[in-house]
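*Asks:* Mind looking over this structure? Questions follow.
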Amino acid sequence: MGDANPVRVLVTGAAGQIAYSLLYSIAKGDVFGKDQALILVLLDITPMMGVLDGVVMELQDCALPLLKDVIATDKEEIAFKDLDVAILVGSMPRKEGMERKDLLKANVKIFKSQGMALEKYAKKTVKVVVVGNPANTNCLTASKMAPSIPKENFSCLTRLDHNRAKSQIALKLGLTANDVKNVIIWGNHSSTQYPDVNHAKVNLQGKEVGVYEAVKDDSWLKGDFITTVQQRGAAVIKARKLSSAMSAAKAICDHVRDIWFGTPEGEFVSMGVISDGNSYGVPEDLLYSFPVVIKNKSWKFVEGLPINDFSREKMDLTAKELSEEKETAFEFLTIA
């Protein structure tokens, strides 16, 4: 065994679909390394405790060498204690006929409470990753409630969108996703997100080529490519009658592993982070997806990418949506 000190990781919504795909990957060492001992803390709501017991049994039955302990609970004061990493998957899903405003209200309540629990019980060095939708605004809410934890420690998942964009380009060119790098997701994890391949590169017969040059189909890149990525989640639900859990879990693993070990030299990834100090004209104090590089567990904006008019318009549109979401959420915060 390598590191004797186990990393303490919380997964919320632990009885749910995404967690079912995620927990095994974490526990077998895909995220924190093959010799890093782990303690998994699983939080869900009280009615899910029976189901969660079944998940715990299965984790035990996987007989995994890295897993030192599994703690299942419905209590925040147990779940958030001394955490190194918090992966907040659980949220109120949108029900048939529900207004986005109602969805925001229900989630503000959850993430206000979890933010306060992070503030009170977790390590100040905790890395917090929000997956539950609306992820950007939920993340901002939690961060506001935990003022003594650095804002930079909070991020939300746009890696699934990033991976979707990557694989669409790879499919178009008959390559694998490994041959595509530096796609960007700007903005909100919603259908206003902007998948940008102006700065992306592909490996064609050992040569690095820009995506526009390689694909040679500008109208696809500016049209169907973007809408396919923006609406992919809905397409999966339509086909499976269930949401995309396997690919979401894989993206969470990618996101957290990159925070832990850093991004490869010459590559950047997309993450929802606090917009303060960005050079891309995105308003301050929004939780917005940017291209970042990560080193020593801290991220930096990728600087100096030229932004054309087409991109500018799309980046502003998603920023506007996020500003409106934030405003609505913060109205609820004061009354919640």
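Starting from 1 in every chain, residues are counted up; chains themselves are A, B, ... following the order of the structure tokens, and ligands are numbered from 1 as listed.
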Which residues are close to Phe111 (chain A), i.e. within 12 Å by only C-alpha atoms, leaving aside same-chain residues fewer than 2 positions away? Reply as a VMD selection string.

*Replies:* chain A and resid 12 76 88 to 92 104 to 109 113 to 119 128 130 to 146 329 to 330 332 to 333 336

*Asks:* With N, CA and C atoms retained, write the just-selected residues as a short mmCIF file (atom, residue, chain, number, x, y, z; two decimals), in the first residue's frame.

*Replies:*
data_model
loop_
_atom_site.label_atom_id
_atom_site.label_comp_id
_atom_site.auth_asym_id
_atom_site.auth_seq_id
_atom_site.Cartn_x
_atom_site.Cartn_y
_atom_site.Cartn_z
N THR A 12 -22.70 12.14 -2.56
CA THR A 12 -24.11 12.31 -2.19
C THR A 12 -24.99 11.74 -3.31
N GLU A 76 -26.05 14.89 7.68
CA GLU A 76 -24.99 15.76 7.14
C GLU A 76 -23.80 15.88 8.08
N LEU A 88 -20.85 16.07 -5.03
CA LEU A 88 -22.27 16.31 -4.72
C LEU A 88 -23.12 15.99 -5.95
N VAL A 89 -23.56 14.74 -5.98
CA VAL A 89 -24.32 14.22 -7.11
C VAL A 89 -25.82 14.40 -6.88
N GLY A 90 -26.21 14.26 -5.62
CA GLY A 90 -27.63 14.30 -5.27
C GLY A 90 -28.23 15.69 -5.47
N SER A 91 -29.38 15.74 -6.13
CA SER A 91 -30.11 17.00 -6.26
C SER A 91 -31.56 16.65 -6.54
N MET A 92 -32.39 17.67 -6.54
CA MET A 92 -33.80 17.46 -6.84
C MET A 92 -33.95 17.41 -8.36
N LEU A 104 -34.97 25.33 -9.23
CA LEU A 104 -33.94 26.15 -8.56
C LEU A 104 -34.22 26.27 -7.06
N LYS A 105 -35.47 26.52 -6.74
CA LYS A 105 -35.86 26.73 -5.35
C LYS A 105 -35.57 25.48 -4.51
N ALA A 106 -35.97 24.33 -5.02
CA ALA A 106 -35.76 23.07 -4.29
C ALA A 106 -34.27 22.81 -4.10
N ASN A 107 -33.48 23.13 -5.11
CA ASN A 107 -32.04 22.86 -5.04
C ASN A 107 -31.28 23.87 -4.20
N VAL A 108 -31.75 25.12 -4.17
CA VAL A 108 -31.12 26.11 -3.30
C VAL A 108 -31.17 25.60 -1.86
N LYS A 109 -32.29 25.04 -1.49
CA LYS A 109 -32.47 24.53 -0.13
C LYS A 109 -31.44 23.43 0.17
N SER A 113 -27.90 24.00 2.58
CA SER A 113 -27.68 23.13 3.73
C SER A 113 -26.33 22.40 3.62
N GLN A 114 -26.02 21.90 2.43
CA GLN A 114 -24.75 21.18 2.26
C GLN A 114 -23.55 22.12 2.31
N GLY A 115 -23.72 23.34 1.81
CA GLY A 115 -22.66 24.34 1.93
C GLY A 115 -22.37 24.66 3.38
N MET A 116 -23.41 24.80 4.17
CA MET A 116 -23.25 25.07 5.60
C MET A 116 -22.57 23.89 6.30
N ALA A 117 -22.90 22.69 5.88
CA ALA A 117 -22.28 21.49 6.47
C ALA A 117 -20.79 21.40 6.08
N LEU A 118 -20.47 21.77 4.85
CA LEU A 118 -19.05 21.83 4.44
C LEU A 118 -18.30 22.81 5.33
N GLU A 119 -18.88 23.98 5.50
CA GLU A 119 -18.27 25.04 6.31
C GLU A 119 -18.01 24.56 7.73
N VAL A 128 -14.53 20.39 -3.70
CA VAL A 128 -15.97 20.14 -3.84
C VAL A 128 -16.34 20.14 -5.31
N VAL A 130 -19.57 19.69 -7.85
CA VAL A 130 -21.03 19.61 -7.92
C VAL A 130 -21.46 19.05 -9.27
N VAL A 131 -22.29 18.01 -9.19
CA VAL A 131 -22.81 17.34 -10.38
C VAL A 131 -24.31 17.57 -10.52
N GLY A 132 -25.01 17.57 -9.38
CA GLY A 132 -26.46 17.71 -9.38
C GLY A 132 -26.91 19.01 -10.02
N ASN A 133 -27.89 18.94 -10.89
CA ASN A 133 -28.34 20.10 -11.66
C ASN A 133 -29.36 20.97 -10.90
N PRO A 134 -29.44 22.27 -11.23
CA PRO A 134 -28.56 23.04 -12.11
C PRO A 134 -27.17 23.22 -11.49
N ALA A 135 -26.18 22.51 -12.02
CA ALA A 135 -24.90 22.30 -11.35
C ALA A 135 -24.15 23.60 -11.06
N ASN A 136 -24.08 24.51 -12.03
CA ASN A 136 -23.31 25.75 -11.85
C ASN A 136 -23.86 26.56 -10.68
N THR A 137 -25.16 26.75 -10.68
CA THR A 137 -25.79 27.58 -9.65
C THR A 137 -25.81 26.88 -8.31
N ASN A 138 -26.02 25.56 -8.30
CA ASN A 138 -25.91 24.79 -7.06
C ASN A 138 -24.52 24.93 -6.45
N CYS A 139 -23.52 24.90 -7.30
CA CYS A 139 -22.13 25.02 -6.85
C CYS A 139 -21.87 26.40 -6.24
N LEU A 140 -22.35 27.43 -6.91
CA LEU A 140 -22.19 28.80 -6.41
C LEU A 140 -22.88 28.96 -5.06
N THR A 141 -24.07 28.39 -4.94
CA THR A 141 -24.84 28.44 -3.69
C THR A 141 -24.05 27.80 -2.55
N ALA A 142 -23.54 26.61 -2.78
CA ALA A 142 -22.77 25.89 -1.75
C ALA A 142 -21.54 26.71 -1.33
N SER A 143 -20.85 27.27 -2.33
CA SER A 143 -19.65 28.05 -2.06
C SER A 143 -19.95 29.27 -1.20
N LYS A 144 -21.05 29.95 -1.49
CA LYS A 144 -21.45 31.14 -0.72
C LYS A 144 -21.71 30.79 0.75
N MET A 145 -22.17 29.58 0.98
CA MET A 145 -22.50 29.14 2.33
C MET A 145 -21.27 28.65 3.11
N ALA A 146 -20.14 28.55 2.39
CA ALA A 146 -18.91 28.05 3.03
C ALA A 146 -17.78 29.06 2.82
N ALA A 329 -31.80 32.26 -7.69
CA ALA A 329 -31.35 31.42 -6.59
C ALA A 329 -31.10 32.25 -5.33
N PHE A 330 -30.49 33.42 -5.53
CA PHE A 330 -30.13 34.23 -4.36
C PHE A 330 -31.35 34.89 -3.72
N PHE A 332 -34.12 33.21 -3.42
CA PHE A 332 -34.56 32.09 -2.58
C PHE A 332 -33.65 31.92 -1.36
N LEU A 333 -32.36 32.22 -1.54
CA LEU A 333 -31.39 32.05 -0.45
C LEU A 333 -31.76 32.89 0.75
N ALA A 336 -34.90 31.17 2.11
CA ALA A 336 -34.86 29.72 2.38
C ALA A 336 -34.49 29.44 3.85
#

*Asks:* As a short mmCIF file (atom, residue, chain, number, x, y, z; two decimals) with N, CA and C atoms, in the first residue's frame, which residues of region 30-144 of chain A does DSSP assign to helix (DSSP H, G or I)?

*Replies:*
data_model
loop_
_atom_site.label_atom_id
_atom_site.label_comp_id
_atom_site.auth_asym_id
_atom_site.auth_seq_id
_atom_site.Cartn_x
_atom_site.Cartn_y
_atom_site.Cartn_z
N THR A 46 -33.30 9.90 3.81
CA THR A 46 -33.74 8.81 4.69
C THR A 46 -34.52 7.69 3.97
N PRO A 47 -35.46 8.02 3.07
CA PRO A 47 -36.19 6.92 2.40
C PRO A 47 -35.30 6.01 1.54
N MET A 48 -34.07 6.45 1.22
CA MET A 48 -33.17 5.65 0.38
C MET A 48 -32.20 4.79 1.18
N MET A 49 -32.30 4.82 2.50
CA MET A 49 -31.32 4.11 3.33
C MET A 49 -31.30 2.60 3.09
N GLY A 50 -32.46 2.03 2.82
CA GLY A 50 -32.52 0.58 2.53
C GLY A 50 -31.75 0.25 1.27
N VAL A 51 -32.00 1.02 0.22
CA VAL A 51 -31.29 0.84 -1.05
C VAL A 51 -29.79 1.04 -0.83
N LEU A 52 -29.43 2.03 -0.04
CA LEU A 52 -28.03 2.34 0.21
C LEU A 52 -27.32 1.18 0.92
N ASP A 53 -28.04 0.51 1.81
CA ASP A 53 -27.47 -0.69 2.46
C ASP A 53 -27.07 -1.73 1.41
N GLY A 54 -27.88 -1.85 0.38
CA GLY A 54 -27.57 -2.79 -0.70
C GLY A 54 -26.31 -2.38 -1.46
N VAL A 55 -26.13 -1.09 -1.65
CA VAL A 55 -24.93 -0.57 -2.32
C VAL A 55 -23.69 -0.87 -1.47
N VAL A 56 -23.83 -0.66 -0.15
CA VAL A 56 -22.73 -0.96 0.77
C VAL A 56 -22.36 -2.44 0.69
N MET A 57 -23.37 -3.32 0.70
CA MET A 57 -23.11 -4.76 0.57
C MET A 57 -22.31 -5.06 -0.69
N GLU A 58 -22.72 -4.45 -1.79
CA GLU A 58 -22.02 -4.69 -3.05
C GLU A 58 -20.59 -4.20 -3.03
N LEU A 59 -20.37 -3.03 -2.43
CA LEU A 59 -18.99 -2.52 -2.32
C LEU A 59 -18.14 -3.47 -1.47
N GLN A 60 -18.73 -4.00 -0.40
CA GLN A 60 -18.02 -5.00 0.41
C GLN A 60 -17.70 -6.23 -0.45
N ASP A 61 -18.68 -6.66 -1.23
CA ASP A 61 -18.54 -7.88 -2.02
C ASP A 61 -17.58 -7.73 -3.20
N GLU A 76 -26.05 14.89 7.68
CA GLU A 76 -24.99 15.76 7.14
C GLU A 76 -23.80 15.88 8.08
N GLU A 77 -24.04 15.88 9.40
CA GLU A 77 -22.93 16.07 10.33
C GLU A 77 -21.96 14.87 10.32
N ILE A 78 -22.47 13.71 9.94
CA ILE A 78 -21.60 12.54 9.76
C ILE A 78 -20.95 12.58 8.37
N ALA A 79 -21.77 12.87 7.38
CA ALA A 79 -21.31 12.81 5.98
C ALA A 79 -20.18 13.80 5.67
N ARG A 100 -38.48 25.71 -14.28
CA ARG A 100 -37.06 25.79 -13.89
C ARG A 100 -36.90 26.52 -12.54
N LYS A 101 -37.78 27.51 -12.32
CA LYS A 101 -37.76 28.28 -11.07
C LYS A 101 -38.01 27.39 -9.85
N ASP A 102 -38.98 26.48 -9.98
CA ASP A 102 -39.29 25.56 -8.88
C ASP A 102 -38.11 24.63 -8.62
N LEU A 103 -37.48 24.23 -9.71
CA LEU A 103 -36.30 23.36 -9.62
C LEU A 103 -35.18 24.08 -8.87
N LEU A 104 -34.97 25.33 -9.23
CA LEU A 104 -33.94 26.15 -8.56
C LEU A 104 -34.22 26.27 -7.06
N LYS A 105 -35.47 26.52 -6.74
CA LYS A 105 -35.86 26.73 -5.35
C LYS A 105 -35.57 25.48 -4.51
N ALA A 106 -35.97 24.33 -5.02
CA ALA A 106 -35.76 23.07 -4.29
C ALA A 106 -34.27 22.81 -4.10
N ASN A 107 -33.48 23.13 -5.11
CA ASN A 107 -32.04 22.86 -5.04
C ASN A 107 -31.28 23.87 -4.20
N VAL A 108 -31.75 25.12 -4.17
CA VAL A 108 -31.12 26.11 -3.30
C VAL A 108 -31.17 25.60 -1.86
N LYS A 109 -32.29 25.04 -1.49
CA LYS A 109 -32.47 24.53 -0.13
C LYS A 109 -31.44 23.43 0.17
N ILE A 110 -31.29 22.49 -0.75
CA ILE A 110 -30.34 21.39 -0.58
C ILE A 110 -28.90 21.90 -0.48
N PHE A 111 -28.52 22.76 -1.41
CA PHE A 111 -27.12 23.17 -1.51
C PHE A 111 -26.76 24.26 -0.49
N LYS A 112 -27.75 24.96 0.00
CA LYS A 112 -27.53 25.87 1.13
C LYS A 112 -27.13 25.03 2.35
N SER A 113 -27.90 24.00 2.58
CA SER A 113 -27.68 23.13 3.73
C SER A 113 -26.33 22.40 3.62
N GLN A 114 -26.02 21.90 2.43
CA GLN A 114 -24.75 21.18 2.26
C GLN A 114 -23.55 22.12 2.31
N GLY A 115 -23.72 23.34 1.81
CA GLY A 115 -22.66 24.34 1.93
C GLY A 115 -22.37 24.66 3.38
N MET A 116 -23.41 24.80 4.17
CA MET A 116 -23.25 25.07 5.60
C MET A 116 -22.57 23.89 6.30
N ALA A 117 -22.90 22.69 5.88
CA ALA A 117 -22.28 21.49 6.47
C ALA A 117 -20.79 21.40 6.08
N LEU A 118 -20.47 21.77 4.85
CA LEU A 118 -19.05 21.83 4.44
C LEU A 118 -18.30 22.81 5.33
N GLU A 119 -18.88 23.98 5.50
CA GLU A 119 -18.27 25.04 6.31
C GLU A 119 -18.01 24.56 7.73
N LYS A 120 -18.96 23.84 8.27
CA LYS A 120 -18.91 23.45 9.68
C LYS A 120 -18.03 22.23 9.94
N TYR A 121 -18.06 21.25 9.02
CA TYR A 121 -17.47 19.94 9.34
C TYR A 121 -16.28 19.52 8.48
N ALA A 135 -26.18 22.51 -12.02
CA ALA A 135 -24.90 22.30 -11.35
C ALA A 135 -24.15 23.60 -11.06
N ASN A 136 -24.08 24.51 -12.03
CA ASN A 136 -23.31 25.75 -11.85
C ASN A 136 -23.86 26.56 -10.68
N THR A 137 -25.16 26.75 -10.68
CA THR A 137 -25.79 27.58 -9.65
C THR A 137 -25.81 26.88 -8.31
N ASN A 138 -26.02 25.56 -8.30
CA ASN A 138 -25.91 24.79 -7.06
C ASN A 138 -24.52 24.93 -6.45
N CYS A 139 -23.52 24.90 -7.30
CA CYS A 139 -22.13 25.02 -6.85
C CYS A 139 -21.87 26.40 -6.24
N LEU A 140 -22.35 27.43 -6.91
CA LEU A 140 -22.19 28.80 -6.41
C LEU A 140 -22.88 28.96 -5.06
N THR A 141 -24.07 28.39 -4.94
CA THR A 141 -24.84 28.44 -3.69
C THR A 141 -24.05 27.80 -2.55
N ALA A 142 -23.54 26.61 -2.78
CA ALA A 142 -22.77 25.89 -1.75
C ALA A 142 -21.54 26.71 -1.33
N SER A 143 -20.85 27.27 -2.33
CA SER A 143 -19.65 28.05 -2.06
C SER A 143 -19.95 29.27 -1.20
N LYS A 144 -21.05 29.95 -1.49
CA LYS A 144 -21.45 31.14 -0.72
C LYS A 144 -21.71 30.79 0.75
#

*Asks:* Kindly provide the residues of region 266-291 of chain A that approach region 196-207 of chain A to within 12 Å, each paired with its closest atom pair and their distance in Å to one decimal, based on only C-alpha atoms, listed by chain and increasing number, as a tab-separated table.

*Replies:*
residue	atom	partner	partner_atom	distance
A:Gly266	CA	A:Lys201	CA	10.8
A:Glu267	CA	A:Ala200	CA	9.7
A:Phe268	CA	A:Ala200	CA	9.8
A:Val269	CA	A:Ala200	CA	10.8
A:Ser270	CA	A:Asp196	CA	10.6
A:Ser289	CA	A:Asp196	CA	11.6
A:Phe290	CA	A:Asp196	CA	10.6
A:Pro291	CA	A:Asp196	CA	10.2

*Asks:* Suppose we keep all heavy atoms; can you now write the selection as a PDB file, in the first residue's frame?

*Replies:*
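New file out_5.pdb:
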ATOM      1  N   GLY A 266       0.441  20.528 -22.126  1.00  0.00           N
ATOM      2  CA  GLY A 266      -0.087  20.934 -23.427  1.00  0.00           C
ATOM      3  C   GLY A 266      -1.568  20.681 -23.627  1.00  0.00           C
ATOM      4  O   GLY A 266      -2.096  20.882 -24.713  1.00  0.00           O
ATOM      5  N   GLU A 267      -2.243  20.243 -22.573  1.00  0.00           N
ATOM      6  CA  GLU A 267      -3.681  19.979 -22.685  1.00  0.00           C
ATOM      7  C   GLU A 267      -4.443  20.784 -21.654  1.00  0.00           C
ATOM      8  O   GLU A 267      -3.959  21.030 -20.552  1.00  0.00           O
ATOM      9  CB  GLU A 267      -3.982  18.491 -22.448  1.00  0.00           C
ATOM     10  CG  GLU A 267      -3.739  17.632 -23.664  1.00  0.00           C
ATOM     11  CD  GLU A 267      -4.295  16.218 -23.482  1.00  0.00           C
ATOM     12  OE1 GLU A 267      -5.429  16.067 -22.983  1.00  0.00           O
ATOM     13  OE2 GLU A 267      -3.583  15.269 -23.845  1.00  0.00           O
ATOM     14  N   PHE A 268      -5.647  21.185 -22.036  1.00  0.00           N
ATOM     15  CA  PHE A 268      -6.525  21.792 -21.039  1.00  0.00           C
ATOM     16  C   PHE A 268      -7.882  21.113 -21.038  1.00  0.00           C
ATOM     17  O   PHE A 268      -8.219  20.378 -21.975  1.00  0.00           O
ATOM     18  CB  PHE A 268      -6.631  23.314 -21.212  1.00  0.00           C
ATOM     19  CG  PHE A 268      -6.934  23.821 -22.601  1.00  0.00           C
ATOM     20  CD1 PHE A 268      -8.207  23.745 -23.134  1.00  0.00           C
ATOM     21  CD2 PHE A 268      -5.925  24.424 -23.371  1.00  0.00           C
ATOM     22  CE1 PHE A 268      -8.497  24.249 -24.402  1.00  0.00           C
ATOM     23  CE2 PHE A 268      -6.206  24.935 -24.640  1.00  0.00           C
ATOM     24  CZ  PHE A 268      -7.487  24.845 -25.158  1.00  0.00           C
ATOM     25  N   VAL A 269      -8.623  21.307 -19.956  1.00  0.00           N
ATOM     26  CA  VAL A 269      -9.928  20.675 -19.789  1.00  0.00           C
ATOM     27  C   VAL A 269     -10.962  21.734 -19.413  1.00  0.00           C
ATOM     28  O   VAL A 269     -10.603  22.864 -19.083  1.00  0.00           O
ATOM     29  CB  VAL A 269      -9.891  19.565 -18.708  1.00  0.00           C
ATOM     30  CG1 VAL A 269      -8.993  18.414 -19.151  1.00  0.00           C
ATOM     31  CG2 VAL A 269      -9.451  20.113 -17.350  1.00  0.00           C
ATOM     32  N   SER A 270     -12.233  21.359 -19.469  1.00  0.00           N
ATOM     33  CA  SER A 270     -13.318  22.281 -19.124  1.00  0.00           C
ATOM     34  C   SER A 270     -13.856  21.958 -17.735  1.00  0.00           C
ATOM     35  O   SER A 270     -14.079  20.797 -17.407  1.00  0.00           O
ATOM     36  CB  SER A 270     -14.460  22.151 -20.136  1.00  0.00           C
ATOM     37  OG  SER A 270     -13.989  22.334 -21.458  1.00  0.00           O
ATOM     38  N   SER A 289     -18.213  27.655 -16.901  1.00  0.00           N
ATOM     39  CA  SER A 289     -17.233  26.688 -17.400  1.00  0.00           C
ATOM     40  C   SER A 289     -16.195  27.364 -18.290  1.00  0.00           C
ATOM     41  O   SER A 289     -16.548  28.083 -19.229  1.00  0.00           O
ATOM     42  CB  SER A 289     -17.924  25.561 -18.175  1.00  0.00           C
ATOM     43  OG  SER A 289     -16.966  24.619 -18.631  1.00  0.00           O
ATOM     44  N   PHE A 290     -14.944  27.145 -17.963  1.00  0.00           N
ATOM     45  CA  PHE A 290     -13.789  27.704 -18.673  1.00  0.00           C
ATOM     46  C   PHE A 290     -12.801  26.599 -19.044  1.00  0.00           C
ATOM     47  O   PHE A 290     -12.814  25.533 -18.427  1.00  0.00           O
ATOM     48  CB  PHE A 290     -13.012  28.680 -17.756  1.00  0.00           C
ATOM     49  CG  PHE A 290     -13.683  29.982 -17.483  1.00  0.00           C
ATOM     50  CD1 PHE A 290     -14.490  30.137 -16.360  1.00  0.00           C
ATOM     51  CD2 PHE A 290     -13.499  31.068 -18.330  1.00  0.00           C
ATOM     52  CE1 PHE A 290     -15.095  31.364 -16.090  1.00  0.00           C
ATOM     53  CE2 PHE A 290     -14.104  32.294 -18.066  1.00  0.00           C
ATOM     54  CZ  PHE A 290     -14.904  32.441 -16.948  1.00  0.00           C
ATOM     55  N   PRO A 291     -11.908  26.895 -19.985  1.00  0.00           N
ATOM     56  CA  PRO A 291     -10.757  26.015 -20.167  1.00  0.00           C
ATOM     57  C   PRO A 291      -9.737  26.273 -19.057  1.00  0.00           C
ATOM     58  O   PRO A 291      -9.409  27.430 -18.784  1.00  0.00           O
ATOM     59  CB  PRO A 291     -10.195  26.435 -21.530  1.00  0.00           C
ATOM     60  CG  PRO A 291     -10.628  27.856 -21.711  1.00  0.00           C
ATOM     61  CD  PRO A 291     -11.911  28.025 -20.935  1.00  0.00           C
TER      62      PRO A 291
END

*Asks:* Give me the residues within 8 Å of region 228-239 of chain A as a compact mmCIF listing (two decimals) with N, CA and C atoms, in the first residue's frame, counting only C-alpha atoms and dropping any in the same chain fewer than 5 places off.

*Replies:*
# COMPACT_ATOMS: atom_id res chain seq x y z
N ASP A 161 -19.90 17.19 -20.92
CA ASP A 161 -20.10 17.93 -22.17
C ASP A 161 -18.79 17.98 -22.98
N ARG A 164 -18.24 14.69 -24.53
CA ARG A 164 -19.20 14.54 -25.65
C ARG A 164 -18.68 15.27 -26.88
N ALA A 165 -18.18 16.48 -26.68
CA ALA A 165 -17.66 17.28 -27.80
C ALA A 165 -16.46 16.57 -28.43
N GLN A 168 -17.60 13.52 -30.46
CA GLN A 168 -18.27 13.89 -31.72
C GLN A 168 -17.26 14.20 -32.81
N SER A 190 -26.02 23.51 -19.38
CA SER A 190 -27.43 23.52 -19.80
C SER A 190 -27.38 23.57 -21.32
N SER A 191 -28.51 23.69 -21.95
CA SER A 191 -28.49 23.71 -23.42
C SER A 191 -27.99 25.04 -24.00
N THR A 192 -27.64 26.01 -23.13
CA THR A 192 -27.01 27.23 -23.66
C THR A 192 -25.48 27.13 -23.68
N GLN A 193 -24.94 26.05 -23.12
CA GLN A 193 -23.48 25.88 -23.12
C GLN A 193 -22.94 26.05 -24.54
N TYR A 194 -21.69 26.49 -24.62
CA TYR A 194 -21.08 26.66 -25.94
C TYR A 194 -19.87 25.73 -26.11
N PRO A 195 -20.06 24.66 -26.87
CA PRO A 195 -18.94 23.78 -27.19
C PRO A 195 -18.10 24.41 -28.31
N SER A 244 -28.12 9.68 -18.50
CA SER A 244 -26.79 9.16 -18.84
C SER A 244 -25.94 9.00 -17.58

*Asks:* In Å, how far is it from CA of Ala251 (chain A) to CA of Asn308 (chain A)?

*Replies:*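 Interatomic distance here is 28.3 Å.
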
*Asks:* Quick one: everything within 9 Å of region 31-39 of chain A, counting only C-alpha atoms, minus sequence neighbours fewer than 6 positions away in the same chain. Send it as a PyMOL selection string.

*Replies:* chain A and resi 1-10+25+65-71+253-258+260-261

*Asks:* In terms of the shortest atom-to-atom distance over only C-alpha atoms, which of A:Val211, A:Ile184, A:Ala14, A:Met246 is closest to Ser311 (chain A)?

*Replies:*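 Among the listed residues, the smallest separation from Ser311 (chain A) belongs to A:Ile184.
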
*Asks:* Enter the distance from CA of Ala249 (chain A) to CA of Ala15 (chain A), in Å, rounded to one decimal.

*Replies:*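 Going from CA of Ala249 (chain A) over to CA of Ala15 (chain A) covers 13.6 Å.
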
*Asks:* Which of these, A:Leu83, A:Gly272, A:Ser219, A:Val129, has the shortest distance to His162 (chain A) once you count only C-alpha atoms?

*Replies:*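 For His162 (chain A), the nearest of the given residues is A:Gly272.
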
*Asks:* Given the choices A:Glu284, A:Ile226, A:Ser21, A:Lys295, which gets closest to Ser247 (chain A) if the distance is worked out from only C-alpha atoms?

*Replies:*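 Closest to Ser247 (chain A), using only C-alpha atoms: A:Ser21.
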
*Asks:* Just list the residues in region 253-285 of chain A DSSP gives strand (DSSP E) on the backbone, as a PyMOL selection string.

*Replies:* chain A and resi 269-274

*Asks:* Could you check how far CA of Ser148 (chain A) sits from CA of Leu40 (chain A), in Å to one decimal?

*Replies:*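 Computing it gives 24.0 Å between the two atoms.
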
*Asks:* List the spatial neighbours of Val282 (chain A) as an NGL selection string - criterion: any atom at most 8 Å away, only C-alpha atoms, same-chain residues fewer than 2 positions off excluded.

*Replies:* :A and (275 or 278-280 or 284 or 315-316 or 319)

*Asks:* Leaving out Thr125 (chain A) and any residue of its chain fewer than 4 positions from it, which residues lie within 9 Å of it when counting only C-alpha atoms, given as a ChimeraX atom specification?

*Replies:* /A:83-85,149-150,153

*Asks:* Would you please work out which residue, of A:Val273, A:Ile169, A:Cys62, A:Ala72, is nearest to Trp299 (chain A) when using only C-alpha atoms?

*Replies:*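 Nearest to Trp299 (chain A): A:Val273.
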